[in-house]
>>> print(open('model.tsv').read())   # TSV, N, CA and C atoms
chain	number	residue	atom	x	y	z
A	1	MET	N	97.69	82.32	68.44
A	1	MET	CA	97.29	83.06	69.63
A	1	MET	C	95.97	82.50	70.11
A	2	ALA	N	95.92	82.05	71.32
A	2	ALA	CA	94.69	81.48	71.87
A	2	ALA	C	93.64	82.56	72.03
A	3	GLU	N	92.37	82.15	72.02
A	3	GLU	CA	91.26	83.08	72.10
A	3	GLU	C	91.38	84.01	73.31
A	4	LYS	N	91.78	83.48	74.46
A	4	LYS	CA	91.88	84.29	75.67
A	4	LYS	C	93.06	85.27	75.61
A	5	GLU	N	93.99	85.07	74.69
A	5	GLU	CA	95.16	85.92	74.57
A	5	GLU	C	94.99	87.03	73.54
A	6	LYS	N	93.85	87.13	72.90
A	6	LYS	CA	93.63	88.12	71.86
A	6	LYS	C	93.94	89.52	72.36
A	7	VAL	N	94.61	90.28	71.52
A	7	VAL	CA	94.93	91.66	71.83
A	7	VAL	C	93.93	92.52	71.08
A	8	TYR	N	93.30	93.47	71.79
A	8	TYR	CA	92.28	94.29	71.16
A	8	TYR	C	92.79	95.66	70.74
A	9	ASP	N	94.03	95.99	71.09
A	9	ASP	CA	94.69	97.18	70.57
A	9	ASP	C	95.20	96.77	69.19
A	10	LEU	N	94.60	97.31	68.16
A	10	LEU	CA	94.90	96.84	66.80
A	10	LEU	C	96.34	97.16	66.37
A	11	GLU	N	96.89	98.27	66.84
A	11	GLU	CA	98.31	98.55	66.53
A	11	GLU	C	99.19	97.45	67.12
A	12	GLU	N	98.91	97.09	68.36
A	12	GLU	CA	99.70	96.04	69.01
A	12	GLU	C	99.44	94.69	68.35
A	13	ARG	N	98.21	94.42	68.00
A	13	ARG	CA	97.87	93.13	67.39
A	13	ARG	C	98.54	92.97	66.02
A	14	THR	N	98.57	94.04	65.22
A	14	THR	CA	99.23	93.94	63.91
A	14	THR	C	100.75	93.79	64.09
A	15	PHE	N	101.30	94.47	65.11
A	15	PHE	CA	102.72	94.31	65.42
A	15	PHE	C	103.03	92.87	65.82
A	16	LEU	N	102.21	92.31	66.70
A	16	LEU	CA	102.42	90.93	67.14
A	16	LEU	C	102.30	89.94	65.99
A	17	PHE	N	101.40	90.22	65.06
A	17	PHE	CA	101.28	89.37	63.87
A	17	PHE	C	102.59	89.37	63.09
A	18	ALA	N	103.14	90.55	62.85
A	18	ALA	CA	104.42	90.65	62.12
A	18	ALA	C	105.53	89.93	62.87
A	19	MET	N	105.56	90.06	64.18
A	19	MET	CA	106.59	89.38	64.98
A	19	MET	C	106.42	87.86	64.92
A	20	ARG	N	105.19	87.40	64.97
A	20	ARG	CA	104.93	85.95	64.89
A	20	ARG	C	105.37	85.40	63.54
A	21	VAL	N	105.13	86.16	62.48
A	21	VAL	CA	105.57	85.71	61.15
A	21	VAL	C	107.09	85.59	61.13
A	22	ARG	N	107.78	86.58	61.68
A	22	ARG	CA	109.25	86.54	61.70
A	22	ARG	C	109.77	85.33	62.49
A	23	LYS	N	109.15	85.06	63.61
A	23	LYS	CA	109.55	83.90	64.41
A	23	LYS	C	109.24	82.60	63.66
A	24	PHE	N	108.08	82.57	63.01
A	24	PHE	CA	107.65	81.39	62.26
A	24	PHE	C	108.63	81.04	61.14
A	25	VAL	N	109.03	82.03	60.35
A	25	VAL	CA	109.87	81.74	59.18
A	25	VAL	C	111.27	81.26	59.55
A	26	LYS	N	111.68	81.48	60.78
A	26	LYS	CA	112.98	80.95	61.22
A	26	LYS	C	112.99	79.43	61.16
A	27	ASN	N	111.82	78.81	61.28
A	27	ASN	CA	111.72	77.35	61.30
A	27	ASN	C	111.34	76.74	59.95
A	28	VAL	N	111.14	77.58	58.94
A	28	VAL	CA	110.75	77.08	57.62
A	28	VAL	C	112.02	76.71	56.85
A	29	GLU	N	111.97	75.55	56.17
A	29	GLU	CA	113.10	75.11	55.35
A	29	GLU	C	113.44	76.17	54.31
A	30	LYS	N	114.73	76.45	54.17
A	30	LYS	CA	115.19	77.51	53.27
A	30	LYS	C	115.57	76.94	51.89
A	31	ASN	N	114.59	76.33	51.21
A	31	ASN	CA	114.86	75.86	49.85
A	31	ASN	C	114.71	77.05	48.89
A	32	ILE	N	114.98	76.83	47.64
A	32	ILE	CA	115.04	77.94	46.67
A	32	ILE	C	113.73	78.72	46.56
A	33	TRP	N	112.59	78.05	46.56
A	33	TRP	CA	111.32	78.77	46.41
A	33	TRP	C	110.85	79.36	47.74
A	34	ASN	N	111.12	78.67	48.84
A	34	ASN	CA	110.72	79.22	50.14
A	34	ASN	C	111.46	80.51	50.46
A	35	LYS	N	112.72	80.62	50.03
A	35	LYS	CA	113.49	81.83	50.33
A	35	LYS	C	112.77	83.08	49.82
A	36	GLU	N	112.26	83.02	48.61
A	36	GLU	CA	111.56	84.19	48.04
A	36	GLU	C	110.22	84.42	48.72
A	37	ASP	N	109.50	83.35	49.00
A	37	ASP	CA	108.20	83.49	49.66
A	37	ASP	C	108.36	84.02	51.09
A	38	ILE	N	109.43	83.61	51.77
A	38	ILE	CA	109.72	84.10	53.12
A	38	ILE	C	109.94	85.61	53.09
A	39	LYS	N	110.74	86.08	52.13
A	39	LYS	CA	110.98	87.53	52.01
A	39	LYS	C	109.66	88.27	51.82
A	40	GLN	N	108.81	87.73	50.98
A	40	GLN	CA	107.53	88.38	50.69
A	40	GLN	C	106.60	88.40	51.90
A	41	VAL	N	106.50	87.30	52.62
A	41	VAL	CA	105.59	87.26	53.77
A	41	VAL	C	106.10	88.15	54.90
A	42	VAL	N	107.41	88.24	55.06
A	42	VAL	CA	107.95	89.13	56.08
A	42	VAL	C	107.62	90.58	55.73
A	43	ARG	N	107.80	90.95	54.46
A	43	ARG	CA	107.47	92.32	54.03
A	43	ARG	C	105.98	92.62	54.20
A	44	ALA	N	105.15	91.70	53.73
A	44	ALA	CA	103.70	91.94	53.77
A	44	ALA	C	103.19	92.03	55.21
A	45	SER	N	103.65	91.14	56.07
A	45	SER	CA	103.18	91.16	57.47
A	45	SER	C	103.61	92.43	58.18
A	46	GLY	N	104.81	92.89	57.92
A	46	GLY	CA	105.26	94.15	58.51
A	46	GLY	C	104.50	95.33	57.96
A	47	SER	N	104.13	95.26	56.70
A	47	SER	CA	103.37	96.33	56.07
A	47	SER	C	101.96	96.45	56.61
A	48	VAL	N	101.39	95.35	57.07
A	48	VAL	CA	100.07	95.40	57.72
A	48	VAL	C	100.15	96.35	58.90
A	49	ALA	N	101.14	96.13	59.74
A	49	ALA	CA	101.30	96.95	60.95
A	49	ALA	C	101.68	98.38	60.60
A	50	ALA	N	102.63	98.55	59.70
A	50	ALA	CA	103.11	99.89	59.35
A	50	ALA	C	102.00	100.76	58.77
A	51	ASN	N	101.21	100.20	57.89
A	51	ASN	CA	100.13	100.98	57.29
A	51	ASN	C	99.00	101.26	58.26
A	52	TYR	N	98.76	100.35	59.20
A	52	TYR	CA	97.75	100.63	60.21
A	52	TYR	C	98.20	101.77	61.12
A	53	ILE	N	99.46	101.77	61.49
A	53	ILE	CA	100.01	102.87	62.30
A	53	ILE	C	99.89	104.18	61.54
A	54	GLU	N	100.24	104.16	60.25
A	54	GLU	CA	100.12	105.37	59.43
A	54	GLU	C	98.67	105.83	59.32
A	55	ALA	N	97.74	104.89	59.25
A	55	ALA	CA	96.32	105.26	59.19
A	55	ALA	C	95.92	106.03	60.45
A	56	ASN	N	96.42	105.59	61.58
A	56	ASN	CA	96.09	106.26	62.84
A	56	ASN	C	96.74	107.64	62.95
A	57	GLU	N	97.78	107.88	62.19
A	57	GLU	CA	98.44	109.19	62.17
A	57	GLU	C	98.01	109.96	60.93
A	58	LYS	N	96.79	109.74	60.52
A	58	LYS	CA	96.24	110.25	59.27
A	58	LYS	C	96.40	111.76	59.09
A	59	LEU	N	96.49	112.13	57.82
A	59	LEU	CA	96.52	113.53	57.45
A	59	LEU	C	95.12	114.03	57.12
A	60	GLY	N	94.19	113.10	56.99
A	60	GLY	CA	92.80	113.41	56.66
A	60	GLY	C	92.07	112.11	56.40
A	61	ASP	N	90.77	112.23	56.10
A	61	ASP	CA	89.96	111.03	55.87
A	61	ASP	C	90.44	110.21	54.67
A	62	LYS	N	90.82	110.88	53.58
A	62	LYS	CA	91.28	110.15	52.40
A	62	LYS	C	92.55	109.35	52.71
A	63	ASP	N	93.46	109.96	53.47
A	63	ASP	CA	94.70	109.28	53.86
A	63	ASP	C	94.38	108.07	54.73
A	64	PHE	N	93.47	108.24	55.70
A	64	PHE	CA	93.08	107.13	56.58
A	64	PHE	C	92.50	105.98	55.76
A	65	ILE	N	91.59	106.30	54.86
A	65	ILE	CA	90.94	105.28	54.04
A	65	ILE	C	91.97	104.53	53.20
A	66	MET	N	92.89	105.27	52.59
A	66	MET	CA	93.91	104.63	51.75
A	66	MET	C	94.82	103.71	52.56
A	67	LYS	N	95.25	104.15	53.73
A	67	LYS	CA	96.16	103.33	54.55
A	67	LYS	C	95.44	102.09	55.09
A	68	ILE	N	94.18	102.22	55.43
A	68	ILE	CA	93.42	101.05	55.87
A	68	ILE	C	93.29	100.05	54.72
A	69	ARG	N	93.02	100.55	53.51
A	69	ARG	CA	92.92	99.66	52.34
A	69	ARG	C	94.23	98.95	52.08
A	70	ILE	N	95.34	99.68	52.20
A	70	ILE	CA	96.66	99.07	51.97
A	70	ILE	C	96.93	98.02	53.03
A	71	SER	N	96.62	98.32	54.27
A	71	SER	CA	96.84	97.37	55.36
A	71	SER	C	96.02	96.09	55.12
A	72	LYS	N	94.78	96.25	54.68
A	72	LYS	CA	93.94	95.10	54.35
A	72	LYS	C	94.53	94.30	53.20
A	73	LYS	N	95.00	95.00	52.19
A	73	LYS	CA	95.63	94.34	51.03
A	73	LYS	C	96.86	93.54	51.46
A	74	GLU	N	97.64	94.09	52.38
A	74	GLU	CA	98.83	93.40	52.86
A	74	GLU	C	98.47	92.16	53.67
A	75	CYS	N	97.32	92.18	54.34
A	75	CYS	CA	96.82	90.97	55.01
A	75	CYS	C	96.57	89.87	53.98
A	76	LYS	N	95.91	90.26	52.89
A	76	LYS	CA	95.61	89.28	51.84
A	76	LYS	C	96.90	88.73	51.24
A	77	GLU	N	97.89	89.60	51.04
A	77	GLU	CA	99.17	89.14	50.51
A	77	GLU	C	99.87	88.22	51.51
A	78	SER	N	99.80	88.55	52.79
A	78	SER	CA	100.41	87.69	53.81
A	78	SER	C	99.81	86.29	53.74
A	79	ILE	N	98.51	86.22	53.57
A	79	ILE	CA	97.84	84.92	53.46
A	79	ILE	C	98.37	84.16	52.25
A	80	LEU	N	98.47	84.84	51.13
A	80	LEU	CA	98.99	84.19	49.91
A	80	LEU	C	100.38	83.62	50.15
A	81	TRP	N	101.31	84.45	50.65
A	81	TRP	CA	102.69	83.99	50.83
A	81	TRP	C	102.78	82.89	51.86
A	82	LEU	N	101.98	82.95	52.91
A	82	LEU	CA	101.98	81.86	53.89
A	82	LEU	C	101.51	80.56	53.24
A	83	ARG	N	100.48	80.65	52.42
A	83	ARG	CA	99.96	79.46	51.75
A	83	ARG	C	100.96	78.86	50.77
A	84	LEU	N	101.78	79.70	50.15
A	84	LEU	CA	102.73	79.22	49.15
A	84	LEU	C	103.95	78.52	49.75
A	85	LEU	N	104.22	78.76	51.02
A	85	LEU	CA	105.40	78.14	51.63
A	85	LEU	C	105.28	76.61	51.60
A	86	ASP	N	106.38	75.96	51.24
A	86	ASP	CA	106.45	74.50	51.16
A	86	ASP	C	106.80	73.98	52.55
A	87	ILE	N	105.80	73.40	53.22
A	87	ILE	CA	105.99	72.94	54.60
A	87	ILE	C	105.51	71.51	54.73
A	88	GLU	N	106.36	70.68	55.35
A	88	GLU	CA	106.00	69.29	55.56
A	88	GLU	C	105.88	68.92	57.03
A	89	ASN	N	106.44	69.74	57.90
A	89	ASN	CA	106.43	69.49	59.34
A	89	ASN	C	105.06	69.85	59.93
A	90	PRO	N	104.37	68.90	60.60
A	90	PRO	CA	103.03	69.18	61.13
A	90	PRO	C	103.00	70.29	62.18
A	91	VAL	N	104.05	70.45	62.96
A	91	VAL	CA	104.09	71.51	63.97
A	91	VAL	C	104.16	72.87	63.28
A	92	ILE	N	104.99	72.96	62.27
A	92	ILE	CA	105.12	74.22	61.52
A	92	ILE	C	103.83	74.48	60.74
A	93	GLU	N	103.23	73.44	60.22
A	93	GLU	CA	101.96	73.58	59.49
A	93	GLU	C	100.86	74.13	60.40
A	94	LYS	N	100.84	73.68	61.65
A	94	LYS	CA	99.85	74.17	62.61
A	94	LYS	C	100.04	75.67	62.83
A	95	GLU	N	101.27	76.10	63.00
A	95	GLU	CA	101.54	77.53	63.20
A	95	GLU	C	101.16	78.33	61.96
A	96	ARG	N	101.44	77.77	60.78
A	96	ARG	CA	101.04	78.46	59.54
A	96	ARG	C	99.52	78.65	59.52
A	97	SER	N	98.78	77.61	59.86
A	97	SER	CA	97.32	77.71	59.88
A	97	SER	C	96.85	78.79	60.85
A	98	GLU	N	97.49	78.88	62.00
A	98	GLU	CA	97.13	79.90	62.98
A	98	GLU	C	97.45	81.30	62.46
A	99	LEU	N	98.57	81.45	61.76
A	99	LEU	CA	98.93	82.75	61.18
A	99	LEU	C	97.96	83.14	60.07
A	100	ILE	N	97.56	82.18	59.27
A	100	ILE	CA	96.57	82.46	58.22
A	100	ILE	C	95.25	82.88	58.85
A	101	LYS	N	94.87	82.21	59.93
A	101	LYS	CA	93.64	82.58	60.64
A	101	LYS	C	93.74	84.01	61.18
A	102	GLU	N	94.86	84.35	61.78
A	102	GLU	CA	95.05	85.70	62.32
A	102	GLU	C	95.03	86.74	61.20
A	103	ALA	N	95.70	86.46	60.10
A	103	ALA	CA	95.71	87.39	58.97
A	103	ALA	C	94.30	87.58	58.42
A	104	THR	N	93.53	86.52	58.38
A	104	THR	CA	92.14	86.59	57.91
A	104	THR	C	91.29	87.44	58.85
A	105	GLU	N	91.47	87.25	60.15
A	105	GLU	CA	90.73	88.06	61.12
A	105	GLU	C	91.11	89.53	61.00
A	106	LEU	N	92.40	89.81	60.87
A	106	LEU	CA	92.85	91.20	60.70
A	106	LEU	C	92.27	91.81	59.42
A	107	LYS	N	92.27	91.02	58.35
A	107	LYS	CA	91.70	91.48	57.07
A	107	LYS	C	90.23	91.84	57.24
A	108	ASN	N	89.50	91.00	57.96
A	108	ASN	CA	88.07	91.25	58.19
A	108	ASN	C	87.84	92.48	59.06
A	109	ILE	N	88.65	92.65	60.08
A	109	ILE	CA	88.54	93.82	60.94
A	109	ILE	C	88.83	95.09	60.14
A	110	LEU	N	89.91	95.07	59.38
A	110	LEU	CA	90.27	96.23	58.57
A	110	LEU	C	89.22	96.52	57.52
A	111	GLY	N	88.64	95.47	56.95
A	111	GLY	CA	87.56	95.64	55.98
A	111	GLY	C	86.35	96.31	56.61
A	112	THR	N	86.04	95.94	57.83
A	112	THR	CA	84.92	96.56	58.54
A	112	THR	C	85.21	98.02	58.85
A	113	ILE	N	86.43	98.31	59.28
A	113	ILE	CA	86.82	99.70	59.54
A	113	ILE	C	86.69	100.51	58.26
A	114	TYR	N	87.16	99.95	57.15
A	114	TYR	CA	87.09	100.63	55.86
A	114	TYR	C	85.63	100.93	55.49
A	115	LYS	N	84.78	99.90	55.54
A	115	LYS	CA	83.37	100.07	55.18
A	115	LYS	C	82.67	101.08	56.07
A	116	ASN	N	82.92	100.99	57.37
A	116	ASN	CA	82.29	101.93	58.30
A	116	ASN	C	82.74	103.37	58.05
A	117	THR	N	84.00	103.54	57.73
A	117	THR	CA	84.53	104.88	57.44
A	117	THR	C	83.91	105.44	56.17
A	118	ILE	N	83.82	104.61	55.14
A	118	ILE	CA	83.21	105.05	53.88
A	118	ILE	C	81.74	105.40	54.10
A	119	ASN	N	81.01	104.54	54.82
A	119	ASN	CA	79.59	104.80	55.10
A	119	ASN	C	79.41	106.10	55.88
A	120	LYS	N	80.25	106.31	56.88
A	120	LYS	CA	80.17	107.53	57.68
A	120	LYS	C	80.47	108.76	56.82
A	121	LYS	N	81.45	108.63	55.96
A	121	LYS	CA	81.81	109.74	55.06
A	121	LYS	C	80.66	110.05	54.11
A	122	ASN	N	80.05	109.00	53.55
A	122	ASN	CA	78.91	109.18	52.63
A	122	ASN	C	77.70	109.81	53.33
A	123	GLN	N	77.44	109.38	54.55
A	123	GLN	CA	76.31	109.96	55.32
A	123	GLN	C	76.55	111.44	55.59
A	124	THR	N	77.79	111.78	55.92
A	124	THR	CA	78.13	113.18	56.19
A	124	THR	C	77.95	114.02	54.93
A	125	GLN	N	78.39	113.48	53.79
A	125	GLN	CA	78.26	114.21	52.52
A	125	GLN	C	76.79	114.37	52.13
A	126	ASN	N	75.99	113.35	52.38
A	126	ASN	CA	74.56	113.40	52.04
A	126	ASN	C	73.79	114.40	52.91
A	127	GLN	N	74.28	114.63	54.10
A	127	GLN	CA	73.62	115.57	55.02
A	127	GLN	C	73.93	117.02	54.65
A	128	ASN	N	75.01	117.21	53.90
A	128	ASN	CA	75.40	118.58	53.53
A	128	ASN	C	74.76	119.01	52.27
>>> encode(input="model.tsv", output="structure tokens")
Amino acid sequence: MAEKEKVYDLEERTFLFAMRVRKFVKNVEKNIWNKEDIKQVVRASGSVAANYIEANEKLGDKDFIMKIRISKKECKESILWLRLLDIENPVIEKERSELIKEATELKNILGTIYKNTINKKNQTQNQN
């Protein structure tokens, strides 16, 4: 995704990440090890979006914090599975690099949301 095309609605951005992963894996060679890694990256990328949506529909602060942490964890897993894919085609490799970059940015954003939420919660508790 080019810099000018960045989506700032995080629900939409995580959804688009999952969709890009699905489109990407259609072009990855389906050898014995890639088949398993493809399944894992598809699950992890979808889980980033699903858990972020669940965080926004929180039942409370603890639920929000947990879902944000899970979404961040799934970003890290997406990066791992993308890195493990056996790719020799330079065009596909370029897209993989872009997906890893996007997953890293999402992980950083989610990490910041997590830290800010924890800090805000701690400040509120300290004031009481």
>>> atom_distance(input="model.tsv", atom1="atom N of Asp9 of chain A", atom2="atom N of Thr117 of chain A")
18.3 Å
>>> residues_around(input="model.tsv", residues="segment 101-105 of chain A", least_positions_apart="4", cutoff="9 Å", atoms="only C-alpha atoms", output="ChimeraX atom specification")
/A:1,14,17,45,75-76,78-79,96-97,109-110
>>> closest_residue(input="model.tsv", among="A:Asn34, A:Asn126, A:Gln40, A:Ser71", to="Asp86 of chain A", atoms="all atoms listed in the file")
A:Asn34
>>> atom_distance(input="model.tsv", atom1="atom C of Leu82 of chain A", atom2="atom CA of Leu99 of chain A")
8.6 Å
>>> select_by_dssp(input="model.tsv", residues="chain A", states="helix (DSSP H, G or I)", output="ChimeraX atom specification")
/A:3-5,10-25,32-56,61-84,90-127
>>> atom_distance(input="model.tsv", atom1="atom N of Ala18 of chain A", atom2="atom C of Glu93 of chain A")
16.8 Å
>>> residues_around(input="model.tsv", residues="Lys73 of chain A", least_positions_apart="6", cutoff="9 Å", atoms="only C-alpha atoms", output="list in words")
Ala44, Val48 and Lys107 of chain A
>>> residues_around(input="model.tsv", residues="Asn51 of chain A", least_positions_apart="4", cutoff="7 Å", atoms="only N, CA and C atoms", output="ChimeraX atom specification")
/A:46-47,55-56,67-68,70-71
